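Novice: One structure coming up, written as structure tokens, with questions to follow.
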Amino acid sequence: MKVAILGGGQLARMLAMSAHRLGIEPIVVDPKPDAPATRVAHHVLASLDDPAGWQQVAHCDVATAELDHAPPSALDWLSEHMAVRPGPDAFRLAGDRLREKRLFNELGIETAPFWPVDSEEDLVRGLREIGLPAVLKTRQEGYDGKGQRILRKAADARRAWREVGGVPAVLEGFVPFARELSILAVRSARGELRFWSPVENHHEDGILRSSRPVEIDVEDPIQVAGRRAVAALATALDYVGVLTVEFFEVEGRLVANEMACRVHNSGHWTEEGAETSQFENHLRAITGLRLGGTRTLGPTAMLNLIGARPHRDALLSVPGGRLHLYGKSPAPGRKLGHLTLCADDEERLQHAIHLARDAAAMEART
Ligand code: AMP
């Protein structure tokens, strides 16, 4: 069984590592010779929209992608040669914030108020409709807070429009959220849907810093609403694979922010903290294998390692920690790895989180 993965970043790397364990052969397509997944998978060195690259994975059994903005042209071509999971329609949606929000609303999933912006005039009008503060986001290719500007006064419009590059965008109301939650699910080709514990996430400067699963509570209206929203999306898209939706919790309600039609950073804890990881279950789903259990094994958390070269010795001394490095060179704001923490009880986990934060703040010299 051969799986083609569009994109060769850390998500593809972790998928590839899980694939080997299942006896699945991963083949990644990426234009960078040293992309993180290329050391653990066959590598087709090609841009994702290059038909010559598609030809080289035409013999695979199934294709998937590690990025929401995988080019629709590639997915359409591949779907004539093999199963593409999740399907091209899911990527078309997740790669476009405006279409995504419209679908959320059609399915009865609440979003922040939003306004399509194709010009500076649209932006000025949108600000009048939505009010301040507001967030301007590019429709496509934004991630980790890139392609985003917060507007606090009407006079910010011109600069924000220029700073996002004057490309099609969406203006949305700023949500004064109490916390951010993501819901991760996996759906099989037969329509079986399983959920991991909801995850509480902390972002800084638009980048995920840490995640913690919270206990599943079948009666908690917030959790029920989140699972219902994800189930509605997965069914509407006849989705196969791991699906993530990020939400804001505000005044006891859930407001959907965005979806990712792939494995997600807020699910990295599942590698050590759940019965089956998001990577393995994504592969199981897309290759037609039976799904694995999604139960959380105990108190667990995940901390991203961002920007500075991680200090391995310090990180490896954190009790219950498991280090994952992606083989990337340091750069400001770049995700270089993560640390998963598992503990026997809440007190030990809190202690480990405390130590891990200190270790993550240290910079290695080599
Ligand atoms: P995104 O790229 O949409 O996931 O945004 C990255 C992060 O920026 C989110 O996780 C929030 O912490 C923050 N953010 C994005 N949109 C909004 C919003 N409309 N209101 C408040 N915070 C936001």
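Scheme for the structure tokens: letters A, B, ... for chains in order shown; per-chain residue numbers from 1; ligand numbers from 1 in order shown.
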Which protein, DNA or RNA residues have an atom within 8 Å of ligand 1, counting only C-alpha atoms and all ligand atoms, as a ChimeraX atom specification?
Specialist: /A:112,134-135,137,142-146,148,172-177,180,201-208,246,248,257-258
Novice: Assign secondary structure with DSSP using the backbone only, and return the residues of range 3-65 of chain A in helix (DSSP H, G or I) as number ranges by chain.
Specialist: A: 10-21, 36-39, 51-56
Novice: Just to be explicit: take each residue in the selection above, keep N, CA, C and O atoms, and write the result as a PDB file, in the first residue's frame.
Specialist:
ATOM      1  N   GLN A  10       6.419  19.019   8.769  1.00  0.00           N
ATOM      2  CA  GLN A  10       6.428  18.137   9.947  1.00  0.00           C
ATOM      3  C   GLN A  10       5.192  17.248  10.038  1.00  0.00           C
ATOM      4  O   GLN A  10       5.268  16.143  10.569  1.00  0.00           O
ATOM      5  N   LEU A  11       4.058  17.726   9.535  1.00  0.00           N
ATOM      6  CA  LEU A  11       2.860  16.884   9.611  1.00  0.00           C
ATOM      7  C   LEU A  11       3.039  15.659   8.721  1.00  0.00           C
ATOM      8  O   LEU A  11       2.722  14.527   9.101  1.00  0.00           O
ATOM      9  N   ALA A  12       3.600  15.887   7.524  1.00  0.00           N
ATOM     10  CA  ALA A  12       3.875  14.760   6.619  1.00  0.00           C
ATOM     11  C   ALA A  12       4.922  13.833   7.236  1.00  0.00           C
ATOM     12  O   ALA A  12       4.851  12.612   7.101  1.00  0.00           O
ATOM     13  N   ARG A  13       5.889  14.413   7.922  1.00  0.00           N
ATOM     14  CA  ARG A  13       6.933  13.601   8.557  1.00  0.00           C
ATOM     15  C   ARG A  13       6.323  12.653   9.608  1.00  0.00           C
ATOM     16  O   ARG A  13       6.640  11.471   9.663  1.00  0.00           O
ATOM     17  N   MET A  14       5.422  13.209  10.442  1.00  0.00           N
ATOM     18  CA  MET A  14       4.820  12.367  11.479  1.00  0.00           C
ATOM     19  C   MET A  14       3.845  11.346  10.872  1.00  0.00           C
ATOM     20  O   MET A  14       3.754  10.213  11.348  1.00  0.00           O
ATOM     21  N   LEU A  15       3.169  11.739   9.798  1.00  0.00           N
ATOM     22  CA  LEU A  15       2.326  10.763   9.085  1.00  0.00           C
ATOM     23  C   LEU A  15       3.187   9.643   8.523  1.00  0.00           C
ATOM     24  O   LEU A  15       2.854   8.457   8.640  1.00  0.00           O
ATOM     25  N   ALA A  16       4.329  10.026   7.932  1.00  0.00           N
ATOM     26  CA  ALA A  16       5.206   9.021   7.312  1.00  0.00           C
ATOM     27  C   ALA A  16       5.743   8.058   8.366  1.00  0.00           C
ATOM     28  O   ALA A  16       5.823   6.847   8.138  1.00  0.00           O
ATOM     29  N   MET A  17       6.104   8.583   9.537  1.00  0.00           N
ATOM     30  CA  MET A  17       6.640   7.719  10.589  1.00  0.00           C
ATOM     31  C   MET A  17       5.571   6.723  11.054  1.00  0.00           C
ATOM     32  O   MET A  17       5.862   5.559  11.290  1.00  0.00           O
ATOM     33  N   SER A  18       4.344   7.170  11.145  1.00  0.00           N
ATOM     34  CA  SER A  18       3.252   6.250  11.504  1.00  0.00           C
ATOM     35  C   SER A  18       2.994   5.253  10.373  1.00  0.00           C
ATOM     36  O   SER A  18       2.674   4.090  10.621  1.00  0.00           O
ATOM     37  N   ALA A  19       3.126   5.724   9.138  1.00  0.00           N
ATOM     38  CA  ALA A  19       2.859   4.849   7.987  1.00  0.00           C
ATOM     39  C   ALA A  19       3.787   3.636   8.008  1.00  0.00           C
ATOM     40  O   ALA A  19       3.348   2.501   7.825  1.00  0.00           O
ATOM     41  N   HIS A  20       5.068   3.876   8.291  1.00  0.00           N
ATOM     42  CA  HIS A  20       6.021   2.759   8.299  1.00  0.00           C
ATOM     43  C   HIS A  20       5.591   1.677   9.277  1.00  0.00           C
ATOM     44  O   HIS A  20       5.692   0.492   8.996  1.00  0.00           O
ATOM     45  N   ARG A  21       5.099   2.102  10.444  1.00  0.00           N
ATOM     46  CA  ARG A  21       4.703   1.119  11.451  1.00  0.00           C
ATOM     47  C   ARG A  21       3.536   0.263  10.981  1.00  0.00           C
ATOM     48  O   ARG A  21       3.364  -0.860  11.409  1.00  0.00           O
ATOM     49  N   PRO A  36      11.164  18.511   6.094  1.00  0.00           N
ATOM     50  CA  PRO A  36      11.251  17.567   7.212  1.00  0.00           C
ATOM     51  C   PRO A  36      10.877  16.118   6.884  1.00  0.00           C
ATOM     52  O   PRO A  36      11.485  15.187   7.395  1.00  0.00           O
ATOM     53  N   ALA A  37       9.889  15.914   6.022  1.00  0.00           N
ATOM     54  CA  ALA A  37       9.444  14.530   5.775  1.00  0.00           C
ATOM     55  C   ALA A  37      10.365  13.778   4.819  1.00  0.00           C
ATOM     56  O   ALA A  37      10.282  12.555   4.715  1.00  0.00           O
ATOM     57  N   THR A  38      11.246  14.502   4.133  1.00  0.00           N
ATOM     58  CA  THR A  38      12.034  13.839   3.083  1.00  0.00           C
ATOM     59  C   THR A  38      13.023  12.831   3.661  1.00  0.00           C
ATOM     60  O   THR A  38      13.496  11.967   2.952  1.00  0.00           O
ATOM     61  N   ARG A  39      13.326  12.940   4.963  1.00  0.00           N
ATOM     62  CA  ARG A  39      14.269  11.979   5.552  1.00  0.00           C
ATOM     63  C   ARG A  39      13.610  10.685   5.966  1.00  0.00           C
ATOM     64  O   ARG A  39      14.282   9.744   6.347  1.00  0.00           O
ATOM     65  N   PRO A  51       2.584  19.181 -12.858  1.00  0.00           N
ATOM     66  CA  PRO A  51       2.075  17.881 -13.323  1.00  0.00           C
ATOM     67  C   PRO A  51       3.151  16.803 -13.388  1.00  0.00           C
ATOM     68  O   PRO A  51       2.852  15.614 -13.227  1.00  0.00           O
ATOM     69  N   ALA A  52       4.411  17.185 -13.576  1.00  0.00           N
ATOM     70  CA  ALA A  52       5.476  16.178 -13.612  1.00  0.00           C
ATOM     71  C   ALA A  52       5.594  15.480 -12.251  1.00  0.00           C
ATOM     72  O   ALA A  52       5.897  14.284 -12.179  1.00  0.00           O
ATOM     73  N   GLY A  53       5.337  16.222 -11.173  1.00  0.00           N
ATOM     74  CA  GLY A  53       5.354  15.636  -9.831  1.00  0.00           C
ATOM     75  C   GLY A  53       4.164  14.697  -9.639  1.00  0.00           C
ATOM     76  O   GLY A  53       4.303  13.615  -9.066  1.00  0.00           O
ATOM     77  N   TRP A  54       3.005  15.093 -10.136  1.00  0.00           N
ATOM     78  CA  TRP A  54       1.802  14.242  -9.982  1.00  0.00           C
ATOM     79  C   TRP A  54       2.041  12.892 -10.651  1.00  0.00           C
ATOM     80  O   TRP A  54       1.690  11.848 -10.101  1.00  0.00           O
ATOM     81  N   GLN A  55       2.647  12.939 -11.851  1.00  0.00           N
ATOM     82  CA  GLN A  55       2.920  11.693 -12.598  1.00  0.00           C
ATOM     83  C   GLN A  55       3.728  10.714 -11.743  1.00  0.00           C
ATOM     84  O   GLN A  55       3.510   9.515 -11.811  1.00  0.00           O
ATOM     85  N   GLN A  56       4.647  11.255 -10.951  1.00  0.00           N
ATOM     86  CA  GLN A  56       5.545  10.380 -10.195  1.00  0.00           C
ATOM     87  C   GLN A  56       4.874   9.706  -8.997  1.00  0.00           C
ATOM     88  O   GLN A  56       5.470   8.836  -8.381  1.00  0.00           O
TER      89      GLN A  56
END
Novice: Do a neighbour search on range 3-9 of chain A at 8 Å with only C-alpha atoms, toss out local chain neighbours closer than 5 positions, and write the hits as a ChimeraX atom specification.
Specialist: /A:24-30,35-38,48,57,60-67,70
Novice: So the first atom is CA of Thr235 in chain A and the second is CA of Pro113 in chain A; what is the distance between them in Å, to one decimal place?
Specialist: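 Computing it gives 24.4 Å between the two atoms.
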Novice: Near Arg209 in chain A, counting only C-alpha atoms, which residues have an atom at most 10 Å away, once you skip same-chain residues fewer than 6 positions from it, shown as number ranges by chain?
Specialist: A: 201-203, 265-266, 302-306, 335, 338
Novice: Would you pick out the contacts of Leu136 in chain A at 9 Å or less, using only C-alpha atoms, so that residues sharing its chain but fewer than 6 positions from it are not included, and give the list as a PyMOL selection string?
Specialist: chain A and resi 117+123+147-151+160-161+164+169-173
